[in-house]
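**Q** The following block contains the structure, expressed as structure tokens.
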Amino acid sequence: MRALTFMFWLFATQAWGAEPPLGRAEQQFDALEFDAAAASFLEALEGPGTRVERLQAWRGLALARAFMGQRQEAQEAFEVLLLLEPSAQVKDSLGPKVQVPFRAARAAMEGQRATLTVTRLPDGRVSAVLAQPRKVATEVMVAVRLPGAAGFSAAVGSPSGPVSVKAPPARAVEAYAVARDAGGLVLFEQGSPRAPLRLEATEVLPAAVASARDAATFPTAETVVEEAPRRALWPYVVGGVGLAAAAGVVLGVVLTRPESLALPAADRTERLP
């Protein structure tokens, strides 16, 4: 897993040349080339990066669009920034071109949060769905294993899902789910490879029958996570509540905000006229 990550970064660096898109975007922004900077910020959002770099890119894109007079586009970028970092701010000194779309975005995102839900269905399947008030994650992955198994069976699909993996209904399973953006950065998660969720069985069978059925129904993993990756930078604390319902066993999660990430104090606008 670490080798694949390294190769991805290597190929991306070669494709970009010596200057990654985010660095190029900031240089163009400083030179007041806002149109070029916006294009470079968008390019940076589609490549690998850390969470802090994602916040810098969304912030830079919003500011560049605001200074070009694209109020609606600037508000949309600010809304994504606030979804990822609700405490984000911009300086009052930047004037109405920036303040108007930012305040509109803050009003629109008041109380809005992303919610990643993992559900155990009556037939045993484990399903994941992401509800996001603004489209920022582009895919959801859910991974499942029997307790004690070495690897996870995984499925990837659209955030609106559901994305599901088969599992024997008479067995408890361990699972986790993540939502990633276009550049592959994990934005939201529930559980992890090192600390998976435990989902109880949805069907009770005699031990002998359950053992025979498990061997026939549990899928052979086409996508197996053999080694748990290092936990990505994660600015949300995930909490789960177990609910029993007629349709099955559901484990829900609401993403809550921990300590805010410290963004650069400057908006890279000190030299603007």
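Residues are named by chain letter and number: chains run A, B, ... in the order of the structure tokens, numbers start at 1 in each chain, and ligands are numbered from 1 in the order shown.
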With a distance cut-off of 7 Å and only C-alpha atoms, select the neighbouring residues of Ala182 (chain A), excluding the residue or stretch itself and same-chain residues fewer than 2 positions from it, and output the selection as a list in words.
**A** Glu46, Thr138, Arg180 and Gly184 of chain A
**Q** Excluding Gln70 (chain A) and its own-chain neighbours fewer than 4 positions away, which residues fall within 12 Å of it when counting only C-alpha atoms? Please give them as a list of chain:residue names.
**A**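 These residues fall inside the cut-off: A:Phe34, A:Asp35, A:Ala38, A:Leu61, A:Ala62, A:Leu63, A:Ala64, A:Arg65, A:Ala66, A:Ala74, A:Gln75, A:Glu76, A:Ala77, A:Lys97, A:Val98, A:Val100, A:Pro101.
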**Q** Would you mind exporting the chosen residues as a tab-separated table (two decimals), in the first residue's frame, restricted to N, CA, C and O atoms?
**A**
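In the end it all went to out_38.tsv:
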chain	number	residue	atom	x	y	z
A	34	PHE	N	-5.46	36.38	-11.87
A	34	PHE	CA	-6.50	35.63	-11.17
A	34	PHE	C	-7.12	34.53	-12.03
A	34	PHE	O	-7.46	33.45	-11.52
A	35	ASP	N	-7.27	34.77	-13.31
A	35	ASP	CA	-7.85	33.76	-14.19
A	35	ASP	C	-6.94	32.52	-14.24
A	35	ASP	O	-7.41	31.38	-14.10
A	38	ALA	N	-6.98	30.69	-10.85
A	38	ALA	CA	-8.17	29.87	-10.63
A	38	ALA	C	-8.03	28.52	-11.33
A	38	ALA	O	-8.37	27.46	-10.76
A	61	LEU	N	-9.09	29.45	-4.70
A	61	LEU	CA	-10.04	29.47	-5.81
A	61	LEU	C	-11.17	30.45	-5.54
A	61	LEU	O	-11.56	31.23	-6.43
A	62	ALA	N	-11.69	30.45	-4.32
A	62	ALA	CA	-12.78	31.38	-3.98
A	62	ALA	C	-12.32	32.83	-4.10
A	62	ALA	O	-13.04	33.68	-4.65
A	63	LEU	N	-11.13	33.12	-3.59
A	63	LEU	CA	-10.63	34.50	-3.65
A	63	LEU	C	-10.37	34.93	-5.09
A	63	LEU	O	-10.70	36.07	-5.47
A	64	ALA	N	-9.77	34.06	-5.89
A	64	ALA	CA	-9.50	34.40	-7.28
A	64	ALA	C	-10.79	34.72	-8.02
A	64	ALA	O	-10.89	35.71	-8.77
A	65	ARG	N	-11.81	33.90	-7.82
A	65	ARG	CA	-13.09	34.14	-8.48
A	65	ARG	C	-13.75	35.42	-7.97
A	65	ARG	O	-14.38	36.16	-8.74
A	66	ALA	N	-13.59	35.68	-6.68
A	66	ALA	CA	-14.17	36.90	-6.12
A	66	ALA	C	-13.52	38.13	-6.74
A	66	ALA	O	-14.22	39.09	-7.12
A	74	ALA	N	-17.57	32.33	-6.71
A	74	ALA	CA	-16.80	32.51	-5.48
A	74	ALA	C	-17.57	31.98	-4.28
A	74	ALA	O	-17.01	31.32	-3.40
A	75	GLN	N	-18.87	32.25	-4.24
A	75	GLN	CA	-19.69	31.76	-3.12
A	75	GLN	C	-19.68	30.23	-3.07
A	75	GLN	O	-19.56	29.63	-1.99
A	76	GLU	N	-19.77	29.58	-4.23
A	76	GLU	CA	-19.77	28.11	-4.27
A	76	GLU	C	-18.46	27.54	-3.73
A	76	GLU	O	-18.47	26.54	-3.00
A	77	ALA	N	-17.34	28.17	-4.09
A	77	ALA	CA	-16.05	27.70	-3.58
A	77	ALA	C	-15.94	27.94	-2.08
A	77	ALA	O	-15.42	27.10	-1.34
A	97	LYS	N	-15.96	42.78	-2.53
A	97	LYS	CA	-15.84	41.76	-3.57
A	97	LYS	C	-15.67	40.38	-2.96
A	97	LYS	O	-16.11	39.38	-3.53
A	98	VAL	N	-14.98	40.32	-1.83
A	98	VAL	CA	-14.75	39.05	-1.15
A	98	VAL	C	-15.78	38.83	-0.05
A	98	VAL	O	-16.31	37.73	0.11
A	100	VAL	N	-18.89	39.88	0.39
A	100	VAL	CA	-20.28	39.58	0.00
A	100	VAL	C	-20.46	38.09	-0.30
A	100	VAL	O	-21.35	37.44	0.26
A	101	PRO	N	-19.65	37.48	-1.20
A	101	PRO	CA	-19.85	36.05	-1.45
A	101	PRO	C	-19.50	35.18	-0.24
A	101	PRO	O	-20.13	34.13	-0.03
**Q** Compare A:Thr202, A:Ser192, A:Gln56, A:Gln72 by their minimum atom-to-atom distance to Val126 (chain A), counting only C-alpha atoms, and give me the closest one.
**A**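 Ranking A:Thr202, A:Ser192, A:Gln56, A:Gln72 by distance to Val126 (chain A), first place goes to A:Thr202.
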**Q** Can you check which residues of region 106-217 of chain A DSSP gives as strand (DSSP E or B) on the backbone and send them as a PyMOL selection string?
**A** chain A and resi 115-120+126-131+139-145+153-157+163-165+173-180+186-190+197-199
**Q** Between CA of Ala104 (chain A) and CA of Glu73 (chain A), what distance in Å does the model show, to one decimal?
**A** 11.7 Å
**Q** For region 163-177 of chain A, please output as a ChimeraX atom specification all residues within 6 Å (counting only C-alpha atoms; exclusion window: fewer than 2 positions along the same chain).
**A** /A:123-128,141-147,157,161,189-192,196-204,214,218
**Q** Write out as a PyMOL selection string each polymer residue whose atoms come within 12 Å of region 132-137 of chain A, counting only C-alpha atoms; drop sequence neighbours fewer than 2 positions from it.
**A** chain A and resi 45-46+54-55+58+75-84+105+108-117+129-130+139-141+157-161+178-189+254-255
**Q** By how many Å are CA of Phe102 (chain A) and CA of Leu42 (chain A) apart?
**A**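 CA of Phe102 (chain A) sits 18.7 Å away from CA of Leu42 (chain A).
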**Q** Just want the 10 Å neighbourhood of Ala36 (chain A), counted on only C-alpha atoms, with same-chain residues fewer than 5 positions away dropped. Output as a PyMOL selection string.
**A** chain A and resi 24-25+27-29+41+64
**Q** I'd like to know which of A:Gln89, A:Gln99, A:Ser153, A:Thr119 is closest to Arg59 (chain A), using only C-alpha atoms.
**A**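 Nearest candidate to Arg59 (chain A) out of A:Gln89, A:Gln99, A:Ser153, A:Thr119: A:Gln89.
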